$ cat query_23.pdb   # PDB, C-alpha atoms
MODEL        1
ATOM      1  CA  MET F 241      -0.778  20.683  14.824
ATOM      2  CA  PRO F 242      -1.581  22.693  11.657
ATOM      3  CA  ALA F 243      -4.386  21.288   9.492
ATOM      4  CA  ASP F 244      -2.116  20.301   6.583
ATOM      5  CA  LYS F 245       0.334  18.467   8.899
ATOM      6  CA  ARG F 246      -2.569  16.656  10.556
ATOM      7  CA  GLU F 247      -3.946  15.629   7.139
ATOM      8  CA  ARG F 248      -0.506  14.573   5.916
ATOM      9  CA  SER F 249      -0.032  12.378   8.995
ATOM     10  CA  VAL F 250      -3.093  10.333   7.961
ATOM     11  CA  LEU F 251      -2.187   9.667   4.361
ATOM     12  CA  THR F 252      -4.305   6.755   3.186
ATOM     13  CA  THR F 253      -3.242   3.762   1.124
ATOM     14  CA  PRO F 254      -4.660   5.352  -2.075
ATOM     15  CA  ASP F 255      -2.652   8.522  -1.299
ATOM     16  CA  LEU F 256       0.573   6.554  -0.906
ATOM     17  CA  VAL F 257      -0.019   4.416  -4.003
ATOM     18  CA  LEU F 258      -0.560   7.557  -6.090
ATOM     19  CA  LEU F 259       2.503   9.281  -4.648
ATOM     20  CA  SER F 260       4.576   6.280  -5.678
ATOM     21  CA  LEU F 261       2.979   6.009  -9.121
ATOM     22  CA  LEU F 262       3.396   9.716  -9.914
ATOM     23  CA  ALA F 263       7.017   9.587  -8.725
ATOM     24  CA  GLU F 264       7.679   7.321 -11.735
ATOM     25  CA  ARG F 265       6.267   9.794 -14.246
ATOM     26  CA  PRO F 266       3.592  12.531 -14.408
ATOM     27  CA  MET F 267       0.046  11.309 -15.127
ATOM     28  CA  HIS F 268      -3.512  12.553 -15.029
ATOM     29  CA  GLY F 269      -6.245  10.724 -13.133
ATOM     30  CA  TYR F 270      -7.479   8.712 -16.105
ATOM     31  CA  GLN F 271      -3.954   7.525 -16.923
ATOM     32  CA  ALA F 272      -3.357   6.652 -13.258
ATOM     33  CA  ASN F 273      -6.528   4.540 -13.200
ATOM     34  CA  LEU F 274      -5.494   2.702 -16.365
ATOM     35  CA  GLU F 275      -2.048   2.013 -14.929
ATOM     36  CA  LEU F 276      -3.512   0.763 -11.637
ATOM     37  CA  GLU F 277      -5.692  -1.648 -13.625
ATOM     38  CA  ARG F 278      -2.808  -2.775 -15.844
ATOM     39  CA  ARG F 279      -0.662  -3.538 -12.799
ATOM     40  CA  GLU F 280      -3.616  -5.174 -11.009
ATOM     41  CA  VAL F 281      -2.883  -2.944  -8.014
ATOM     42  CA  ARG F 282      -6.393  -3.479  -6.661
ATOM     43  CA  ASP F 283      -5.411  -7.072  -5.855
ATOM     44  CA  TRP F 284      -3.261  -5.760  -2.995
ATOM     45  CA  ALA F 285      -4.462  -2.185  -2.328
ATOM     46  CA  ALA F 286      -8.031  -0.970  -1.930
ATOM     47  CA  ILE F 287      -8.198   2.030  -4.251
ATOM     48  CA  SER F 288     -11.320   2.772  -6.268
ATOM     49  CA  LYS F 289     -11.567   5.003  -9.341
ATOM     50  CA  PRO F 290     -13.286   7.837  -7.412
ATOM     51  CA  GLN F 291     -10.564   7.606  -4.724
ATOM     52  CA  VAL F 292      -7.906   8.313  -7.341
ATOM     53  CA  TYR F 293      -9.416  11.730  -8.102
ATOM     54  CA  TYR F 294     -10.121  12.476  -4.440
ATOM     55  CA  SER F 295      -6.525  11.607  -3.512
ATOM     56  CA  LEU F 296      -5.109  13.731  -6.336
ATOM     57  CA  GLU F 297      -7.047  16.761  -5.060
ATOM     58  CA  LYS F 298      -5.938  16.093  -1.490
ATOM     59  CA  LEU F 299      -2.285  15.583  -2.419
ATOM     60  CA  ALA F 300      -2.275  18.740  -4.553
ATOM     61  CA  ARG F 301      -3.807  20.726  -1.692
ATOM     62  CA  LEU F 302      -1.047  19.478   0.621
ATOM     63  CA  GLY F 303       1.691  20.276  -1.886
ATOM     64  CA  LEU F 304       2.660  16.612  -2.212
ATOM     65  CA  VAL F 305       1.938  16.575  -5.946
ATOM     66  CA  ARG F 306       2.123  19.466  -8.396
ATOM     67  CA  GLU F 307       0.563  20.221 -11.753
ATOM     68  CA  SER F 308       2.791  19.289 -14.636
ATOM     69  CA  PRO F 309       2.604  20.865 -18.114
ATOM     70  CA  SER F 310       0.742  18.713 -20.641
ATOM     71  CA  ASP F 311      -1.262  19.061 -23.828
ATOM     72  CA  ASP F 312      -4.040  17.072 -22.114
ATOM     73  CA  ALA F 313      -4.702  19.930 -19.673
ATOM     74  CA  VAL F 314      -6.946  21.653 -22.240
ATOM     75  CA  ALA F 315      -9.333  18.696 -22.018
ATOM     76  CA  GLY F 316     -10.422  19.716 -18.528
ATOM     77  CA  PRO F 317      -9.476  19.323 -14.857
ATOM     78  CA  GLU F 318      -9.870  15.516 -14.966
ATOM     79  CA  ARG F 319      -6.993  15.492 -17.490
ATOM     80  CA  GLN F 320      -4.733  17.719 -15.409
ATOM     81  CA  VAL F 321      -1.352  16.014 -15.166
ATOM     82  CA  TYR F 322       0.343  15.683 -11.764
ATOM     83  CA  ALA F 323       3.824  14.734 -10.586
ATOM     84  CA  THR F 324       5.065  13.942  -7.074
ATOM     85  CA  THR F 325       6.962  16.820  -5.434
ATOM     86  CA  PRO F 326      10.057  16.491  -3.223
ATOM     87  CA  ARG F 327       7.710  17.033  -0.238
ATOM     88  CA  GLY F 328       5.548  14.208  -1.534
ATOM     89  CA  ARG F 329       8.488  11.832  -1.860
ATOM     90  CA  ALA F 330       9.581  12.742   1.675
ATOM     91  CA  ALA F 331       6.062  12.136   3.023
ATOM     92  CA  LEU F 332       5.929   8.767   1.254
ATOM     93  CA  ALA F 333       9.346   7.765   2.627
ATOM     94  CA  GLU F 334       8.257   8.782   6.133
ATOM     95  CA  ALA F 335       5.045   6.747   5.856
ATOM     96  CA  LEU F 336       7.034   3.694   4.743
ATOM     97  CA  ASP F 337       9.043   3.863   7.995
ATOM     98  CA  ARG F 338       5.972   3.033  10.099
ATOM     99  CA  GLU F 339       6.089  -0.200  12.089
ATOM    100  CA  ASP F 340       2.438  -1.096  11.416
ATOM    101  CA  TRP F 341       3.292  -2.160   7.844
ATOM    102  CA  THR F 342       5.044  -5.199   9.327
ATOM    103  CA  THR F 343       2.861  -6.040  12.339
ATOM    104  CA  GLN F 344      -0.628  -6.470  10.840
ATOM    105  CA  ARG F 345      -2.472  -9.764  10.447
ATOM    106  CA  GLU F 346      -4.954 -10.373   7.670
ATOM    107  CA  ARG F 347      -8.522 -11.396   8.499
ATOM    108  CA  PRO F 348      -9.529 -13.547   5.510
ATOM    109  CA  ALA F 349     -13.230 -14.342   5.179
ATOM    110  CA  PHE F 350     -12.328 -18.021   4.678
ATOM    111  CA  LEU F 351     -10.808 -18.214   8.171
ATOM    112  CA  THR F 352     -13.968 -16.690   9.660
ATOM    113  CA  TRP F 353     -16.015 -19.278   7.774
ATOM    114  CA  MET F 354     -13.732 -22.038   9.080
ATOM    115  CA  ALA F 355     -14.288 -20.932  12.690
ATOM    116  CA  LEU F 356     -18.072 -21.065  12.225
ATOM    117  CA  SER F 357     -18.199 -24.100   9.931
ATOM    118  CA  TRP F 358     -19.121 -26.598  12.649
ATOM    119  CA  GLN F 359     -22.640 -25.130  12.435
ATOM    120  CA  ALA F 360     -22.935 -25.727   8.678
ATOM    121  CA  ARG F 361     -25.432 -28.173   7.179
ATOM    122  CA  PRO F 362     -24.246 -31.695   6.298
ATOM    123  CA  GLY F 363     -22.196 -31.735   3.122
ATOM    124  CA  VAL F 364     -21.545 -27.987   3.094
ATOM    125  CA  PHE F 365     -18.037 -28.307   4.528
ATOM    126  CA  ASP F 366     -17.007 -30.588   1.656
ATOM    127  CA  SER F 367     -18.543 -28.371  -1.023
ATOM    128  CA  GLN F 368     -17.002 -25.201   0.407
ATOM    129  CA  LEU F 369     -13.546 -26.797   0.481
ATOM    130  CA  ARG F 370     -13.962 -27.700  -3.188
ATOM    131  CA  ARG F 371     -15.073 -24.149  -3.997
ATOM    132  CA  ARG F 372     -12.093 -22.704  -2.167
ATOM    133  CA  ALA F 373      -9.676 -25.037  -3.960
ATOM    134  CA  ALA F 374     -11.191 -24.190  -7.359
ATOM    135  CA  PHE F 375     -10.907 -20.476  -6.604
ATOM    136  CA  LEU F 376      -7.270 -20.819  -5.529
ATOM    137  CA  ARG F 377      -6.345 -22.816  -8.639
ATOM    138  CA  LYS F 378      -7.902 -20.122 -10.814
ATOM    139  CA  GLU F 379      -6.115 -17.337  -8.919
ATOM    140  CA  LEU F 380      -2.843 -19.270  -8.987
ATOM    141  CA  ALA F 381      -3.021 -19.542 -12.777
ATOM    142  CA  ARG F 382      -3.768 -15.824 -13.018
ATOM    143  CA  GLU F 383      -0.827 -14.911 -10.782
ATOM    144  CA  GLN F 384       1.509 -17.185 -12.746
ATOM    145  CA  ALA F 385       0.473 -15.395 -15.955
ATOM    146  CA  THR F 386       0.974 -12.047 -14.215
ATOM    147  CA  LEU F 387       4.459 -13.083 -13.095
ATOM    148  CA  LYS F 388       5.396 -14.039 -16.646
ATOM    149  CA  SER F 389       4.190 -10.641 -17.887
ATOM    150  CA  ILE F 390       6.074  -8.792 -15.134
ATOM    151  CA  LEU F 391       9.309 -10.628 -15.878
ATOM    152  CA  GLN F 392       8.979  -9.704 -19.562
ATOM    153  CA  GLU F 393       8.469  -6.046 -18.610
ATOM    154  CA  VAL F 394      11.164  -5.618 -15.950
ATOM    155  CA  GLY F 395      13.665  -8.038 -17.484
ATOM    156  CA  HIS F 396      14.961  -9.490 -14.184
ATOM    157  CA  GLY F 397      13.794 -11.150 -10.981
ATOM    158  CA  PHE F 398      14.989  -8.511  -8.528
ATOM    159  CA  HIS F 399      11.979  -6.196  -8.538
ATOM    160  CA  GLU F 400       9.273  -5.527  -5.932
ATOM    161  CA  ALA F 401       6.494  -6.643  -8.302
ATOM    162  CA  VAL F 402       8.233  -9.996  -8.828
ATOM    163  CA  TRP F 403       8.656 -10.469  -5.069
ATOM    164  CA  MET F 404       5.008  -9.601  -4.379
ATOM    165  CA  VAL F 405       3.611 -11.999  -6.973
ATOM    166  CA  THR F 406       5.960 -14.857  -6.044
ATOM    167  CA  LEU F 407       4.877 -14.477  -2.398
ATOM    168  CA  THR F 408       1.217 -14.664  -3.447
ATOM    169  CA  ILE F 409       1.930 -17.737  -5.581
ATOM    170  CA  SER F 410       3.680 -19.419  -2.640
ATOM    171  CA  GLN F 411       0.739 -18.642  -0.337
ATOM    172  CA  PHE F 412      -1.784 -20.075  -2.818
ATOM    173  CA  ARG F 413       0.283 -23.241  -3.279
ATOM    174  CA  THR F 414       0.647 -23.698   0.481
ATOM    175  CA  GLU F 415      -3.085 -23.322   1.050
ATOM    176  CA  LEU F 416      -3.889 -25.762  -1.765
ATOM    177  CA  LEU F 417      -1.667 -28.385  -0.124
ATOM    178  CA  TRP F 418      -3.344 -27.728   3.226
ATOM    179  CA  LEU F 419      -6.811 -28.019   1.638
ATOM    180  CA  ARG F 420      -5.856 -31.338   0.069
ATOM    181  CA  ARG F 421      -4.914 -32.725   3.491
ATOM    182  CA  LEU F 422      -8.062 -31.303   5.066
ATOM    183  CA  GLN F 423     -10.297 -32.910   2.446
ATOM    184  CA  HIS F 424      -8.960 -36.306   3.601
ATOM    185  CA  THR F 425      -9.068 -35.677   7.366
ATOM    186  CA  HIS F 426     -11.969 -33.323   8.152
ATOM    187  CA  ARG F 427     -14.403 -36.165   8.863
ATOM    188  CA  GLN F 428     -12.400 -36.858  12.017
ATOM    189  CA  ARG F 429     -13.388 -33.454  13.395
ATOM    190  CA  ALA F 430     -14.474 -33.595  17.048
ATOM    191  CA  PRO F 431     -15.367 -31.032  19.724
ATOM    192  CA  ALA F 432     -12.756 -29.761  22.187
ATOM    193  CA  ARG F 433     -12.079 -32.264  24.928
ATOM    194  CA  HIS F 434     -11.152 -29.750  27.624
ATOM    195  CA  PRO F 435     -13.077 -26.516  26.893
ATOM    196  CA  VAL F 436     -12.493 -23.557  29.197
ATOM    197  CA  TYR F 437     -14.765 -20.487  29.159
ATOM    198  CA  SER F 438     -14.008 -17.025  30.495
ATOM    199  CA  GLY F 439     -15.155 -16.549  34.065
ATOM    200  CA  GLU F 440     -15.284 -20.252  34.849
ATOM    201  CA  THR F 441     -13.306 -21.610  37.783
ATOM    202  CA  LYS F 442     -11.283 -24.716  37.069
ATOM    203  CA  ARG F 443     -12.035 -27.609  39.344
TER     204      ARG F 443
ENDMDL
END
$ encode --input "query_23.pdb" --output "structure tokens"
Amino acid sequence: MPADKRERSVLTTPDLVLLSLLAERPMHGYQANLELERREVRDWAAISKPQVYYSLEKLARLGLVRESPSDDAVAGPERQVYATTPRGRAALAEALDREDWTTQRERPAFLTWMALSWQARPGVFDSQLRRRAAFLRKELAREQATLKSILQEVGHGFHEAVWMVTLTISQFRTELLWLRRLQHTHRQRAPARHPVYSGETKR
């Protein structure tokens, strides 16, 4: 497989986010970073500021974005404006066909903590549940404000940003209800009654 095809087949999340963003309108790296911050993209996609510039160079090398005329170009290469090419849109569409987008499970740190929590000191379980609930309430309020802002910008409820934020809001609300129940029942926690370990023979 030629080097550019091999590189294109491993487009990263930052690459795909930028291809989508630059398909809307041409931007330079600084503008792209500002727009990613405005849309709070880093809440759902890991893309740092340095990655934006690295991805732009990579995508330009692969012919997936092209330089676009702009008065900002005289300010230097970091202000070079890029737009997604037809090849870039095709590569993005192909990447969005992959099955793995729909078959991944998240590994939240809170679930890891929950699995290990039976070893915590007395009182820590209670305090950590309160911390988690406080965090979720804060994030829920932030997402509700974000949703209001999105609806003002797009003018209707049938937009991917609306669907994403309403899903997040639903998840936060569901976990808050679950935490409330757990705060009332966790003192009944008990070890497994019929533990089975790998390699053991049942009697």
$ resolve_selection --input "query_23.pdb" --expression "the PyMOL selection byres ((chain F and resi 354-357) around 12)" --output "ChimeraX atom specification"
/F:347-353,358-369,372,419,422,426,429
$ closest_residue --input "query_23.pdb" --among "F:Tyr437, F:Phe375, F:Trp284, F:Trp403" --to "F:Ile390" --atoms "only C-alpha atoms"
F:Trp403
$ resolve_selection --input "query_23.pdb" --expression "the PyMOL selection byres ((chain F and resi 257) around 12)" --output "PyMOL selection string"
chain F and resi 251-256+258-264+272-273+275-276+279+281-282+284-288+291-292+295-296+299+324+328-329+332-333+335-336
$ build_atoms --input "query_23.pdb" --residues "stretch 284-297 of chain F" --atoms "N, CA and C atoms" --output "PDB file, in the frame of the given file"
ATOM      1  N   TRP F 284      -3.965  -5.895  -4.276  1.00  0.00           N
ATOM      2  CA  TRP F 284      -3.261  -5.760  -2.995  1.00  0.00           C
ATOM      3  C   TRP F 284      -3.470  -4.409  -2.309  1.00  0.00           C
ATOM      4  N   ALA F 285      -4.185  -3.487  -2.950  1.00  0.00           N
ATOM      5  CA  ALA F 285      -4.462  -2.185  -2.328  1.00  0.00           C
ATOM      6  C   ALA F 285      -5.871  -1.753  -2.698  1.00  0.00           C
ATOM      7  N   ALA F 286      -6.654  -1.411  -1.691  1.00  0.00           N
ATOM      8  CA  ALA F 286      -8.031  -0.970  -1.930  1.00  0.00           C
ATOM      9  C   ALA F 286      -8.018   0.481  -2.393  1.00  0.00           C
ATOM     10  N   ILE F 287      -8.195   0.677  -3.703  1.00  0.00           N
ATOM     11  CA  ILE F 287      -8.198   2.030  -4.251  1.00  0.00           C
ATOM     12  C   ILE F 287      -9.163   2.062  -5.429  1.00  0.00           C
ATOM     13  N   SER F 288     -10.289   2.713  -5.236  1.00  0.00           N
ATOM     14  CA  SER F 288     -11.320   2.772  -6.268  1.00  0.00           C
ATOM     15  C   SER F 288     -11.028   3.908  -7.244  1.00  0.00           C
ATOM     16  N   LYS F 289     -11.747   3.928  -8.362  1.00  0.00           N
ATOM     17  CA  LYS F 289     -11.567   5.003  -9.341  1.00  0.00           C
ATOM     18  C   LYS F 289     -11.893   6.370  -8.743  1.00  0.00           C
ATOM     19  N   PRO F 290     -13.018   6.520  -8.023  1.00  0.00           N
ATOM     20  CA  PRO F 290     -13.286   7.837  -7.412  1.00  0.00           C
ATOM     21  C   PRO F 290     -12.196   8.257  -6.419  1.00  0.00           C
ATOM     22  N   GLN F 291     -11.611   7.270  -5.701  1.00  0.00           N
ATOM     23  CA  GLN F 291     -10.564   7.606  -4.724  1.00  0.00           C
ATOM     24  C   GLN F 291      -9.332   8.199  -5.390  1.00  0.00           C
ATOM     25  N   VAL F 292      -9.064   7.778  -6.630  1.00  0.00           N
ATOM     26  CA  VAL F 292      -7.906   8.313  -7.341  1.00  0.00           C
ATOM     27  C   VAL F 292      -8.041   9.828  -7.476  1.00  0.00           C
ATOM     28  N   TYR F 293      -9.223  10.295  -7.904  1.00  0.00           N
ATOM     29  CA  TYR F 293      -9.416  11.730  -8.102  1.00  0.00           C
ATOM     30  C   TYR F 293      -9.463  12.473  -6.770  1.00  0.00           C
ATOM     31  N   TYR F 294     -10.083  11.850  -5.769  1.00  0.00           N
ATOM     32  CA  TYR F 294     -10.121  12.476  -4.440  1.00  0.00           C
ATOM     33  C   TYR F 294      -8.708  12.622  -3.887  1.00  0.00           C
ATOM     34  N   SER F 295      -7.891  11.559  -4.026  1.00  0.00           N
ATOM     35  CA  SER F 295      -6.525  11.607  -3.512  1.00  0.00           C
ATOM     36  C   SER F 295      -5.688  12.639  -4.254  1.00  0.00           C
ATOM     37  N   LEU F 296      -5.863  12.736  -5.571  1.00  0.00           N
ATOM     38  CA  LEU F 296      -5.109  13.731  -6.336  1.00  0.00           C
ATOM     39  C   LEU F 296      -5.403  15.142  -5.842  1.00  0.00           C
ATOM     40  N   GLU F 297      -6.677  15.435  -5.585  1.00  0.00           N
ATOM     41  CA  GLU F 297      -7.047  16.761  -5.060  1.00  0.00           C
ATOM     42  C   GLU F 297      -6.425  16.994  -3.689  1.00  0.00           C
TER      43      GLU F 297
END
